[in-house]
>>> print(open('run_7.cif').read())   # mmCIF, C-alpha atoms and all ligand atoms
data_query
loop_
_atom_site.label_atom_id
_atom_site.label_comp_id
_atom_site.auth_asym_id
_atom_site.auth_seq_id
_atom_site.Cartn_x
_atom_site.Cartn_y
_atom_site.Cartn_z
CA MET A 1 0.00 0.00 0.00
CA ASN A 2 1.42 3.41 -1.01
CA SER A 3 1.47 6.27 1.46
CA GLY A 4 3.06 8.69 -1.00
CA TYR A 5 1.54 10.94 -3.64
CA PHE A 6 2.27 10.84 -7.37
CA ILE A 7 2.01 13.87 -9.71
CA SER A 8 2.75 13.88 -13.44
CA PHE A 9 3.25 16.80 -15.85
CA GLU A 10 2.06 16.27 -19.43
CA GLY A 11 1.59 18.13 -22.69
CA ILE A 12 2.81 18.31 -26.27
CA ASP A 13 6.46 19.30 -26.79
CA GLY A 14 6.92 22.99 -26.07
CA ALA A 15 3.74 23.35 -24.01
CA GLY A 16 5.71 24.71 -21.03
CA LYS A 17 6.16 21.81 -18.58
CA SER A 18 9.87 22.43 -18.03
CA THR A 19 9.26 26.14 -17.49
CA HIS A 20 7.14 25.39 -14.43
CA ILE A 21 8.20 22.03 -12.99
CA ASP A 22 11.11 23.23 -10.81
CA SER A 23 9.10 26.05 -9.21
CA PHE A 24 6.20 23.65 -8.74
CA CYS A 25 8.48 21.21 -6.88
CA LYS A 26 9.67 24.03 -4.62
CA LEU A 27 6.06 25.04 -4.01
CA ILE A 28 5.12 21.49 -2.99
CA GLN A 29 8.23 21.09 -0.85
CA GLY A 30 7.36 24.36 0.90
CA ARG A 31 3.84 23.14 1.59
CA TYR A 32 5.00 19.75 2.86
CA PRO A 33 8.41 20.35 4.50
CA ASP A 34 8.30 16.97 6.27
CA ARG A 35 7.81 14.96 3.07
CA GLY A 36 10.52 14.02 0.60
CA VAL A 37 9.93 15.31 -2.94
CA VAL A 38 11.38 13.20 -5.77
CA VAL A 39 11.58 14.85 -9.19
CA THR A 40 12.02 12.58 -12.16
CA ARG A 41 11.17 12.19 -15.84
CA GLU A 42 10.15 9.82 -18.61
CA PRO A 43 11.54 8.37 -20.65
CA GLY A 44 14.41 8.31 -18.16
CA GLY A 45 14.67 8.57 -14.41
CA THR A 46 17.14 5.67 -14.06
CA ALA A 47 20.54 4.94 -15.62
CA LEU A 48 18.98 2.41 -17.99
CA GLY A 49 15.99 4.66 -18.66
CA GLU A 50 18.27 7.53 -19.66
CA GLN A 51 20.10 5.24 -22.11
CA LEU A 52 16.76 4.19 -23.57
CA ARG A 53 15.74 7.87 -23.74
CA SER A 54 18.73 8.67 -25.96
CA LEU A 55 17.72 5.89 -28.34
CA LEU A 56 14.03 6.77 -28.27
CA LEU A 57 14.55 10.49 -28.94
CA ASP A 58 17.09 9.89 -31.67
CA ALA A 59 16.77 6.60 -33.54
CA PRO A 60 13.98 5.96 -36.03
CA MET A 61 12.24 2.69 -35.10
CA ASN A 62 9.20 0.55 -35.63
CA LEU A 63 6.13 1.79 -33.71
CA GLU A 64 5.77 -1.37 -31.59
CA THR A 65 9.49 -1.25 -30.76
CA GLU A 66 9.08 2.36 -29.65
CA ALA A 67 6.12 1.53 -27.40
CA LEU A 68 7.88 -1.49 -25.89
CA LEU A 69 11.00 0.54 -25.13
CA MET A 70 8.91 3.33 -23.56
CA PHE A 71 7.25 0.78 -21.30
CA ALA A 72 10.53 -1.03 -20.59
CA ALA A 73 12.03 2.26 -19.41
CA ARG A 74 8.85 2.85 -17.38
CA ARG A 75 9.02 -0.59 -15.73
CA GLU A 76 12.59 0.15 -14.59
CA HIS A 77 11.56 3.63 -13.46
CA ILE A 78 8.67 2.26 -11.40
CA ALA A 79 10.75 -0.53 -9.86
CA GLN A 80 13.83 1.56 -9.05
CA VAL A 81 12.42 5.00 -8.31
CA ILE A 82 8.66 5.50 -8.18
CA GLU A 83 7.46 2.57 -6.08
CA PRO A 84 10.22 2.81 -3.43
CA ALA A 85 9.66 6.56 -3.14
CA LEU A 86 5.88 6.23 -2.78
CA ARG A 87 6.23 3.37 -0.32
CA ALA A 88 8.47 5.61 1.80
CA GLY A 89 5.74 8.28 1.81
CA ASN A 90 7.41 10.70 -0.61
CA ILE A 91 5.81 12.97 -3.18
CA VAL A 92 6.90 11.95 -6.69
CA ILE A 93 6.73 14.53 -9.48
CA SER A 94 7.40 13.09 -12.93
CA ASP A 95 7.84 15.01 -16.15
CA ARG A 96 5.59 12.65 -18.19
CA PHE A 97 4.24 9.17 -17.47
CA THR A 98 1.91 6.75 -19.27
CA ASP A 99 -0.50 9.36 -20.63
CA ALA A 100 2.37 10.31 -22.95
CA SER A 101 2.44 6.79 -24.41
CA PHE A 102 -1.29 6.89 -25.09
CA ALA A 103 -0.95 10.38 -26.59
CA TYR A 104 2.24 9.94 -28.68
CA GLN A 105 2.38 6.25 -29.60
CA GLY A 106 -1.43 5.89 -29.57
CA GLY A 107 -2.96 9.19 -30.72
CA GLY A 108 0.04 10.48 -32.68
CA ARG A 109 1.44 7.34 -34.28
CA GLY A 110 -1.66 5.15 -34.28
CA LEU A 111 -0.79 2.21 -31.99
CA SER A 112 -3.99 0.51 -30.87
CA ILE A 113 -5.39 1.45 -27.47
CA ALA A 114 -5.82 -2.29 -26.80
CA LYS A 115 -2.05 -2.85 -27.09
CA LEU A 116 -1.32 0.16 -24.89
CA ASN A 117 -3.82 -1.07 -22.31
CA ASP A 118 -2.06 -4.47 -22.27
CA LEU A 119 1.35 -2.86 -21.76
CA GLU A 120 -0.03 -0.59 -19.07
CA ARG A 121 -1.55 -3.53 -17.19
CA TRP A 122 1.70 -5.46 -17.46
CA VAL A 123 3.97 -2.62 -16.34
CA GLN A 124 1.77 -0.80 -13.83
CA GLY A 125 -0.34 -3.68 -12.49
CA GLN A 126 -0.44 -3.88 -8.69
CA ALA A 127 -0.86 -6.95 -6.47
CA ASP A 128 -4.46 -5.91 -5.68
CA GLY A 129 -5.37 -5.76 -9.38
CA SER A 130 -5.31 -1.95 -9.61
CA LEU A 131 -2.97 0.10 -11.82
CA LEU A 132 -0.25 2.41 -10.54
CA GLN A 133 -1.40 5.82 -11.78
CA PRO A 134 -0.59 9.41 -10.87
CA ASN A 135 -2.92 10.85 -8.22
CA LEU A 136 -2.81 14.13 -10.15
CA THR A 137 -1.85 14.90 -13.76
CA ILE A 138 -1.23 18.51 -14.75
CA LEU A 139 -1.86 18.78 -18.49
CA PHE A 140 -0.46 21.81 -20.32
CA ASP A 141 -2.73 22.25 -23.31
CA LEU A 142 -2.09 24.43 -26.33
CA PRO A 143 -2.41 24.27 -30.13
CA GLY A 144 0.40 22.54 -32.04
CA GLU A 145 1.32 25.64 -34.04
CA VAL A 146 1.86 27.74 -30.89
CA ALA A 147 4.06 25.01 -29.38
CA GLU A 148 6.03 24.70 -32.62
CA ALA A 149 6.68 28.44 -32.76
CA ARG A 150 7.91 28.39 -29.14
CA ARG A 151 10.17 25.36 -29.70
CA SER A 152 11.69 26.66 -32.92
CA LYS A 153 12.97 29.74 -31.08
CA VAL A 154 14.98 27.79 -28.54
CA ARG A 155 16.18 24.36 -29.65
CA THR A 156 17.20 21.85 -32.28
CA PRO A 157 14.32 19.39 -32.65
CA ASP A 158 14.64 15.76 -31.55
CA LYS A 159 12.89 12.88 -33.34
CA PHE A 160 9.44 13.66 -31.93
CA GLU A 161 9.79 17.43 -32.25
CA LYS A 162 10.47 16.97 -35.99
CA MET A 163 6.95 15.54 -36.46
CA ASP A 164 4.41 17.70 -38.31
CA LEU A 165 1.48 19.70 -36.96
CA ASN A 166 -1.01 16.97 -37.83
CA PHE A 167 0.89 14.58 -35.54
CA PHE A 168 0.88 17.07 -32.67
CA GLU A 169 -2.81 17.82 -33.13
CA LYS A 170 -3.55 14.08 -32.80
CA VAL A 171 -1.31 13.87 -29.70
CA ARG A 172 -3.12 16.85 -28.21
CA GLN A 173 -6.57 15.41 -28.94
CA GLU A 174 -5.64 12.10 -27.26
CA TYR A 175 -4.43 13.97 -24.16
CA LEU A 176 -7.70 15.91 -24.08
CA ARG A 177 -9.74 12.73 -24.57
CA ARG A 178 -8.00 11.11 -21.60
CA ALA A 179 -8.48 14.23 -19.48
CA LYS A 180 -12.20 14.19 -20.27
CA GLU A 181 -12.37 10.51 -19.36
CA ASP A 182 -10.75 11.03 -15.96
CA PRO A 183 -11.53 14.61 -14.83
CA LYS A 184 -10.75 13.85 -11.18
CA ARG A 185 -7.11 13.01 -11.98
CA PHE A 186 -6.42 15.69 -14.61
CA HIS A 187 -5.93 19.40 -14.03
CA LEU A 188 -6.01 21.21 -17.36
CA VAL A 189 -3.80 24.29 -17.84
CA ASP A 190 -4.53 26.69 -20.70
CA ALA A 191 -0.89 26.93 -21.79
CA THR A 192 -1.56 29.79 -24.25
CA GLN A 193 -1.61 32.13 -21.24
CA THR A 194 1.49 33.97 -20.05
CA PRO A 195 3.91 32.08 -17.75
CA GLU A 196 2.92 34.46 -14.93
CA ILE A 197 -0.79 33.66 -15.24
CA ILE A 198 -0.08 29.93 -15.54
CA TRP A 199 2.09 30.08 -12.44
CA SER A 200 -0.50 31.90 -10.36
CA GLY A 201 -3.02 29.20 -11.34
CA LEU A 202 -0.60 26.48 -10.22
CA GLU A 203 0.05 28.30 -6.95
CA CYS A 204 -3.69 28.35 -6.22
CA LEU A 205 -4.20 24.70 -7.13
CA GLU A 206 -5.65 22.83 -4.18
CA ILE A 207 -3.84 19.53 -3.78
CA LYS A 208 -4.94 17.17 -1.04
CA ILE A 209 -1.87 15.09 -0.29
N1 LIG B 1 3.32 30.47 -21.31
C1 LIG B 1 4.31 30.68 -22.16
N2 LIG B 1 4.26 31.69 -23.04
C2 LIG B 1 5.26 31.89 -23.91
N3 LIG B 1 6.39 31.13 -23.99
C3 LIG B 1 6.48 30.10 -23.14
C4 LIG B 1 5.47 29.82 -22.17
N4 LIG B 1 5.83 28.72 -21.46
C5 LIG B 1 7.02 28.34 -21.95
N5 LIG B 1 7.41 29.17 -22.95
C6 LIG B 1 8.64 29.06 -23.74
O1 LIG B 1 8.42 28.02 -24.69
C7 LIG B 1 9.58 27.21 -24.84
C8 LIG B 1 9.23 25.76 -24.52
O2 LIG B 1 8.89 25.67 -23.14
P1 LIG B 1 9.28 24.40 -22.27
O3 LIG B 1 10.68 23.98 -22.56
O4 LIG B 1 8.90 24.71 -20.87
O5 LIG B 1 8.28 23.33 -22.88
P2 LIG B 1 8.09 21.80 -22.51
O6 LIG B 1 6.63 21.56 -22.46
O7 LIG B 1 8.87 21.46 -21.30
O8 LIG B 1 8.66 21.08 -23.76
P3 LIG B 1 9.23 19.59 -23.82
O9 LIG B 1 8.18 18.70 -23.33
O10 LIG B 1 9.51 19.40 -25.28
O11 LIG B 1 10.50 19.56 -22.99
C9 LIG B 1 10.64 27.83 -23.91
O12 LIG B 1 11.44 28.70 -24.67
C10 LIG B 1 9.83 28.63 -22.91
O13 LIG B 1 10.53 29.74 -22.42
C1 LIG B 2 7.10 9.22 -21.72
C2 LIG B 2 6.93 9.31 -23.21
C3 LIG B 2 7.50 10.33 -23.92
N1 LIG B 2 7.33 10.40 -25.26
C4 LIG B 2 7.95 11.52 -26.01
C5 LIG B 2 7.36 12.86 -25.73
C6 LIG B 2 8.51 13.81 -25.95
O1 LIG B 2 8.57 14.12 -27.33
C7 LIG B 2 9.72 12.97 -25.58
C8 LIG B 2 10.23 13.28 -24.19
O2 LIG B 2 10.80 14.52 -24.17
P1 LIG B 2 10.44 15.72 -23.14
O3 LIG B 2 10.39 16.89 -24.00
O4 LIG B 2 11.58 15.72 -22.20
O5 LIG B 2 9.19 15.48 -22.45
O6 LIG B 2 9.30 11.61 -25.61
C9 LIG B 2 6.60 9.45 -25.93
O7 LIG B 2 6.47 9.51 -27.16
N2 LIG B 2 6.01 8.44 -25.23
C10 LIG B 2 6.15 8.32 -23.88
O8 LIG B 2 5.60 7.36 -23.27
#
>>> encode(input="run_7.cif", output="structure tokens")
Amino acid sequence: MNSGYFISFEGIDGAGKSTHIDSFCKLIQGRYPDRGVVVTREPGGTALGEQLRSLLLDAPMNLETEALLMFAARREHIAQVIEPALRAGNIVISDRFTDASFAYQGGGRGLSIAKLNDLERWVQGQADGSLLQPNLTILFDLPGEVAEARRSKVRTPDKFEKMDLNFFEKVRQEYLRRAKEDPKRFHLVDATQTPEIIWSGLECLEIKI
């Protein structure tokens, strides 16, 4: 049984997760000074996961291979980092988790939801039959063309960031579909707003840990 609390940040590339995640961690640490806060990311978060990340963000590969490697990295991440931290009562904040697989490999690239559900059950299945899921997912939502304009100003695109607007629109729609399906878990951020307005919204967010 977990006594910790699990938060994920999600959104299409360039939506603004990285801009806010460090301040958000400080905010949570300030609110809960007696709890450990573990900040991590996917793909990645472990030595093996970071190696897989380099491959995944760089090498072209078959869609099923990509999904399997995402979930392999996730299995390692859960076993080495997330589960031990939650068991110890910590707050885990992850830059992406499984919603990204449904959005990118499912919505964006077209892998069947049935296959993703199978992988999710395999990798996140708990002894009591439930799935390990974030308690709260903060979804930064904005149109693909706005995200692309922001990204192009600041970095050389990786494999996913080179995808076209149609891909990112499908990724976005899958995120929004999942948020609609599970409104208690998702907190939607209108990421077209200024960073200051987004931040004040996050500061006011009531989180019952
Ligand atoms: N609300 C905003 N308004 C305008 N520009 C923004 C806003 N939020 C972030 N940016 C800028 O957009 C760019 C992308 O932001 P950021 O790196 O935070 O996105 P991200 O969602 O973390 O992307 P990725 O998932 O690809 O790492 C940065 O240059 C950042 O300064
Ligand atoms: C977890 C996960 C991630 N991705 C994609 C999404 C992004 O393009 C990259 C990660 O880079 P970030 O900018 O540091 O977030 O990987 C994916 O396609 N599927 C996943 O499960």
>>> residues_near_ligand(input="run_7.cif", ligand="ligand LIG 1 (chain B)", cutoff="10 Å", atoms="only C-alpha atoms and all ligand atoms", output="number ranges by chain")
A: 9-21, 95-96, 139-142, 146-155, 157-158, 160-161, 190-199
>>> closest_atom_pairs(input="run_7.cif", of="region 43-155 of chain A", to="region 181-185 of chain A", cutoff="7 Å", atoms="only C-alpha atoms", output="tab-separated table")
residue	atom	partner	partner_atom	distance
A:Asn135	CA	A:Arg185	CA	6.0
A:Leu136	CA	A:Arg185	CA	4.8
A:Thr137	CA	A:Arg185	CA	5.9
>>> atom_distance(input="run_7.cif", atom1="atom O1 of ligand LIG 2 (chain B)", atom2="CA of Lys159 (chain A)")
7.5 Å
>>> residues_near_ligand(input="run_7.cif", ligand="ligand LIG 2 (chain B)", cutoff="6 Å", atoms="only C-alpha atoms and all ligand atoms", output="ChimeraX atom specification")
/A:13,42-43,70,96-98,100-101,104-105,160
>>> residues_near_point(input="run_7.cif", point="(-3.9, 6.7, -23.7)", cutoff="9 Å", atoms="all atoms listed in the file", output="list in words")
Thr98, Asp99, Ala100, Ser101, Phe102, Ala103, Tyr104, Gln105, Gly106, Gly107, Ile113, Leu116, Asn117, Glu174, Tyr175, Arg177 and Arg178 of chain A
>>> write_last_selection(input="run_7.cif", atoms="C-alpha atoms", output="PDB file, keeping the file's coordinate frame")
ATOM      1  CA  THR A  98       1.910   6.750 -19.270  1.00  0.00           C
ATOM      2  CA  ASP A  99      -0.500   9.360 -20.630  1.00  0.00           C
ATOM      3  CA  ALA A 100       2.370  10.310 -22.950  1.00  0.00           C
ATOM      4  CA  SER A 101       2.440   6.790 -24.410  1.00  0.00           C
ATOM      5  CA  PHE A 102      -1.290   6.890 -25.090  1.00  0.00           C
ATOM      6  CA  ALA A 103      -0.950  10.380 -26.590  1.00  0.00           C
ATOM      7  CA  TYR A 104       2.240   9.940 -28.680  1.00  0.00           C
ATOM      8  CA  GLN A 105       2.380   6.250 -29.600  1.00  0.00           C
ATOM      9  CA  GLY A 106      -1.430   5.890 -29.570  1.00  0.00           C
ATOM     10  CA  GLY A 107      -2.960   9.190 -30.720  1.00  0.00           C
ATOM     11  CA  ILE A 113      -5.390   1.450 -27.470  1.00  0.00           C
ATOM     12  CA  LEU A 116      -1.320   0.160 -24.890  1.00  0.00           C
ATOM     13  CA  ASN A 117      -3.820  -1.070 -22.310  1.00  0.00           C
ATOM     14  CA  GLU A 174      -5.640  12.100 -27.260  1.00  0.00           C
ATOM     15  CA  TYR A 175      -4.430  13.970 -24.160  1.00  0.00           C
ATOM     16  CA  ARG A 177      -9.740  12.730 -24.570  1.00  0.00           C
ATOM     17  CA  ARG A 178      -8.000  11.110 -21.600  1.00  0.00           C
TER      18      ARG A 178
END
>>> atom_distance(input="run_7.cif", atom1="CA of Gln126 (chain A)", atom2="CA of Arg31 (chain A)")
29.2 Å
>>> closest_residue(input="run_7.cif", among="A:Val37, A:Ala85, A:Val123, A:Val92", to="Leu68 (chain A)", atoms="only C-alpha atoms")
A:Val123
>>> residues_around(input="run_7.cif", residues="Ile28 (chain A)", least_positions_apart="5", cutoff="9 Å", atoms="only C-alpha atoms", output="PyMOL selection string")
chain A and resi 23+33+37+91
>>> closest_residue(input="run_7.cif", among="A:His187, A:Lys162, A:Lys170, A:Arg121", to="Gly108 (chain A)", atoms="all atoms listed in the file")
A:Lys170
>>> residues_around(input="run_7.cif", residues="Gly4 (chain A)", least_positions_apart="6", cutoff="6 Å", atoms="all atoms listed in the file", output="list of chain:residue names")
A:Leu86, A:Gly89, A:Asn90, A:Ile91
>>> write_last_selection(input="run_7.cif", atoms="C-alpha atoms", output="JSON list (two decimals), in the coordinates of the input")
[["chain", "number", "residue", "atom", "x", "y", "z"],
["A", 86, "LEU", "CA", 5.88, 6.23, -2.78],
["A", 89, "GLY", "CA", 5.74, 8.28, 1.81],
["A", 90, "ASN", "CA", 7.41, 10.70, -0.61],
["A", 91, "ILE", "CA", 5.81, 12.97, -3.18]]
>>> atom_distance(input="run_7.cif", atom1="CA of Glu203 (chain A)", atom2="CA of Ser94 (chain A)")
17.9 Å
>>> closest_residue(input="run_7.cif", among="A:Cys25, A:Leu165, A:Leu48, A:Ile209", to="Arg74 (chain A)", atoms="all atoms listed in the file")
A:Leu48
>>> closest_residue(input="run_7.cif", among="A:Asp58, A:Glu64, A:Asp164, A:Asp22", to="Gly110 (chain A)", atoms="only C-alpha atoms")
A:Glu64
>>> axis_aligned_box(input="run_7.cif", around="region 111-115 of chain A", padding_each_side="6 Å", output="lines of an AutoDock Vina configuration file")
center_x = -3.3
center_y = -0.3
center_z = -29.4
size_x = 17.0
size_y = 17.1
size_z = 17.2
>>> closest_residue(input="run_7.cif", among="A:Gly144, A:Ala88, A:Leu131, A:Leu111", to="Glu169 (chain A)", atoms="all atoms listed in the file")
A:Gly144
>>> residues_around(input="run_7.cif", residues="Ala73 (chain A)", least_positions_apart="4", cutoff="10 Å", atoms="only C-alpha atoms", output="number ranges by chain")
A: 42-53, 67-69, 77-78, 123
>>> closest_residue(input="run_7.cif", among="A:Phe168, A:Tyr32, A:Phe24, A:Phe186", to="Gln133 (chain A)", atoms="all atoms listed in the file")
A:Phe186
>>> build_atoms(input="run_7.cif", residues="region 12-44 of chain A", atoms="N, CA and C atoms", output="PDB file, in the coordinates of the input")
ATOM      1  N   ILE A  12       2.019  18.478 -25.051  1.00  0.00           N
ATOM      2  CA  ILE A  12       2.810  18.310 -26.270  1.00  0.00           C
ATOM      3  C   ILE A  12       4.149  19.044 -26.092  1.00  0.00           C
ATOM      4  N   ASP A  13       5.141  18.678 -26.903  1.00  0.00           N
ATOM      5  CA  ASP A  13       6.460  19.300 -26.790  1.00  0.00           C
ATOM      6  C   ASP A  13       6.363  20.821 -26.953  1.00  0.00           C
ATOM      7  N   GLY A  14       6.923  21.529 -25.998  1.00  0.00           N
ATOM      8  CA  GLY A  14       6.920  22.990 -26.070  1.00  0.00           C
ATOM      9  C   GLY A  14       5.739  23.629 -25.362  1.00  0.00           C
ATOM     10  N   ALA A  15       4.930  22.806 -24.670  1.00  0.00           N
ATOM     11  CA  ALA A  15       3.740  23.350 -24.010  1.00  0.00           C
ATOM     12  C   ALA A  15       4.075  24.128 -22.745  1.00  0.00           C
ATOM     13  N   GLY A  16       5.287  23.902 -22.184  1.00  0.00           N
ATOM     14  CA  GLY A  16       5.710  24.710 -21.030  1.00  0.00           C
ATOM     15  C   GLY A  16       5.896  23.931 -19.726  1.00  0.00           C
ATOM     16  N   LYS A  17       5.963  22.600 -19.805  1.00  0.00           N
ATOM     17  CA  LYS A  17       6.160  21.810 -18.580  1.00  0.00           C
ATOM     18  C   LYS A  17       7.455  22.191 -17.867  1.00  0.00           C
ATOM     19  N   SER A  18       8.553  22.191 -18.643  1.00  0.00           N
ATOM     20  CA  SER A  18       9.870  22.430 -18.030  1.00  0.00           C
ATOM     21  C   SER A  18       9.958  23.823 -17.416  1.00  0.00           C
ATOM     22  N   THR A  19       9.238  24.774 -18.013  1.00  0.00           N
ATOM     23  CA  THR A  19       9.260  26.140 -17.490  1.00  0.00           C
ATOM     24  C   THR A  19       8.737  26.193 -16.059  1.00  0.00           C
ATOM     25  N   HIS A  20       7.809  25.290 -15.736  1.00  0.00           N
ATOM     26  CA  HIS A  20       7.140  25.390 -14.430  1.00  0.00           C
ATOM     27  C   HIS A  20       7.492  24.298 -13.437  1.00  0.00           C
ATOM     28  N   ILE A  21       8.116  23.198 -13.882  1.00  0.00           N
ATOM     29  CA  ILE A  21       8.200  22.030 -12.990  1.00  0.00           C
ATOM     30  C   ILE A  21       9.099  22.302 -11.774  1.00  0.00           C
ATOM     31  N   ASP A  22      10.210  23.010 -11.950  1.00  0.00           N
ATOM     32  CA  ASP A  22      11.110  23.230 -10.810  1.00  0.00           C
ATOM     33  C   ASP A  22      10.442  24.107  -9.739  1.00  0.00           C
ATOM     34  N   SER A  23       9.795  25.183 -10.185  1.00  0.00           N
ATOM     35  CA  SER A  23       9.100  26.050  -9.210  1.00  0.00           C
ATOM     36  C   SER A  23       7.978  25.288  -8.543  1.00  0.00           C
ATOM     37  N   PHE A  24       7.306  24.431  -9.317  1.00  0.00           N
ATOM     38  CA  PHE A  24       6.200  23.650  -8.740  1.00  0.00           C
ATOM     39  C   PHE A  24       6.737  22.716  -7.642  1.00  0.00           C
ATOM     40  N   CYS A  25       7.895  22.105  -7.897  1.00  0.00           N
ATOM     41  CA  CYS A  25       8.480  21.210  -6.880  1.00  0.00           C
ATOM     42  C   CYS A  25       8.807  21.990  -5.611  1.00  0.00           C
ATOM     43  N   LYS A  26       9.343  23.195  -5.799  1.00  0.00           N
ATOM     44  CA  LYS A  26       9.670  24.030  -4.620  1.00  0.00           C
ATOM     45  C   LYS A  26       8.391  24.401  -3.872  1.00  0.00           C
ATOM     46  N   LEU A  27       7.348  24.697  -4.627  1.00  0.00           N
ATOM     47  CA  LEU A  27       6.060  25.040  -4.010  1.00  0.00           C
ATOM     48  C   LEU A  27       5.557  23.878  -3.150  1.00  0.00           C
ATOM     49  N   ILE A  28       5.618  22.678  -3.713  1.00  0.00           N
ATOM     50  CA  ILE A  28       5.120  21.490  -2.990  1.00  0.00           C
ATOM     51  C   ILE A  28       6.016  21.203  -1.779  1.00  0.00           C
ATOM     52  N   GLN A  29       7.322  21.330  -1.978  1.00  0.00           N
ATOM     53  CA  GLN A  29       8.230  21.090  -0.850  1.00  0.00           C
ATOM     54  C   GLN A  29       7.962  22.084   0.281  1.00  0.00           C
ATOM     55  N   GLY A  30       7.677  23.329  -0.097  1.00  0.00           N
ATOM     56  CA  GLY A  30       7.360  24.360   0.900  1.00  0.00           C
ATOM     57  C   GLY A  30       6.080  24.041   1.659  1.00  0.00           C
ATOM     58  N   ARG A  31       5.112  23.477   0.936  1.00  0.00           N
ATOM     59  CA  ARG A  31       3.840  23.140   1.590  1.00  0.00           C
ATOM     60  C   ARG A  31       3.962  21.916   2.480  1.00  0.00           C
ATOM     61  N   TYR A  32       4.849  21.016   2.110  1.00  0.00           N
ATOM     62  CA  TYR A  32       5.000  19.750   2.860  1.00  0.00           C
ATOM     63  C   TYR A  32       6.462  19.558   3.262  1.00  0.00           C
ATOM     64  N   PRO A  33       6.979  20.398   4.168  1.00  0.00           N
ATOM     65  CA  PRO A  33       8.410  20.350   4.500  1.00  0.00           C
ATOM     66  C   PRO A  33       8.857  19.017   5.100  1.00  0.00           C
ATOM     67  N   ASP A  34       7.911  18.256   5.654  1.00  0.00           N
ATOM     68  CA  ASP A  34       8.300  16.970   6.270  1.00  0.00           C
ATOM     69  C   ASP A  34       8.298  15.801   5.292  1.00  0.00           C
ATOM     70  N   ARG A  35       7.849  16.050   4.052  1.00  0.00           N
ATOM     71  CA  ARG A  35       7.810  14.960   3.070  1.00  0.00           C
ATOM     72  C   ARG A  35       8.976  15.100   2.114  1.00  0.00           C
ATOM     73  N   GLY A  36       9.525  13.964   1.663  1.00  0.00           N
ATOM     74  CA  GLY A  36      10.520  14.020   0.600  1.00  0.00           C
ATOM     75  C   GLY A  36       9.827  14.292  -0.721  1.00  0.00           C
ATOM     76  N   VAL A  37      10.473  15.081  -1.593  1.00  0.00           N
ATOM     77  CA  VAL A  37       9.930  15.310  -2.940  1.00  0.00           C
ATOM     78  C   VAL A  37      10.943  14.759  -3.948  1.00  0.00           C
ATOM     79  N   VAL A  38      10.495  13.834  -4.778  1.00  0.00           N
ATOM     80  CA  VAL A  38      11.380  13.200  -5.770  1.00  0.00           C
ATOM     81  C   VAL A  38      10.944  13.683  -7.149  1.00  0.00           C
ATOM     82  N   VAL A  39      11.883  14.327  -7.852  1.00  0.00           N
ATOM     83  CA  VAL A  39      11.580  14.850  -9.190  1.00  0.00           C
ATOM     84  C   VAL A  39      12.246  13.947 -10.221  1.00  0.00           C
ATOM     85  N   THR A  40      11.484  13.541 -11.216  1.00  0.00           N
ATOM     86  CA  THR A  40      12.020  12.580 -12.160  1.00  0.00           C
ATOM     87  C   THR A  40      11.387  12.801 -13.536  1.00  0.00           C
ATOM     88  N   ARG A  41      11.732  11.963 -14.509  1.00  0.00           N
ATOM     89  CA  ARG A  41      11.170  12.190 -15.840  1.00  0.00           C
ATOM     90  C   ARG A  41      11.087  10.895 -16.632  1.00  0.00           C
ATOM     91  N   GLU A  42      10.264  10.949 -17.690  1.00  0.00           N
ATOM     92  CA  GLU A  42      10.150   9.820 -18.610  1.00  0.00           C
ATOM     93  C   GLU A  42      10.213  10.311 -20.047  1.00  0.00           C
ATOM     94  N   PRO A  43      10.757   9.549 -21.008  1.00  0.00           N
ATOM     95  CA  PRO A  43      11.540   8.370 -20.650  1.00  0.00           C
ATOM     96  C   PRO A  43      12.791   8.795 -19.911  1.00  0.00           C
ATOM     97  N   GLY A  44      13.214   7.982 -18.941  1.00  0.00           N
ATOM     98  CA  GLY A  44      14.410   8.310 -18.160  1.00  0.00           C
ATOM     99  C   GLY A  44      14.194   7.984 -16.701  1.00  0.00           C
TER     100      GLY A  44
END
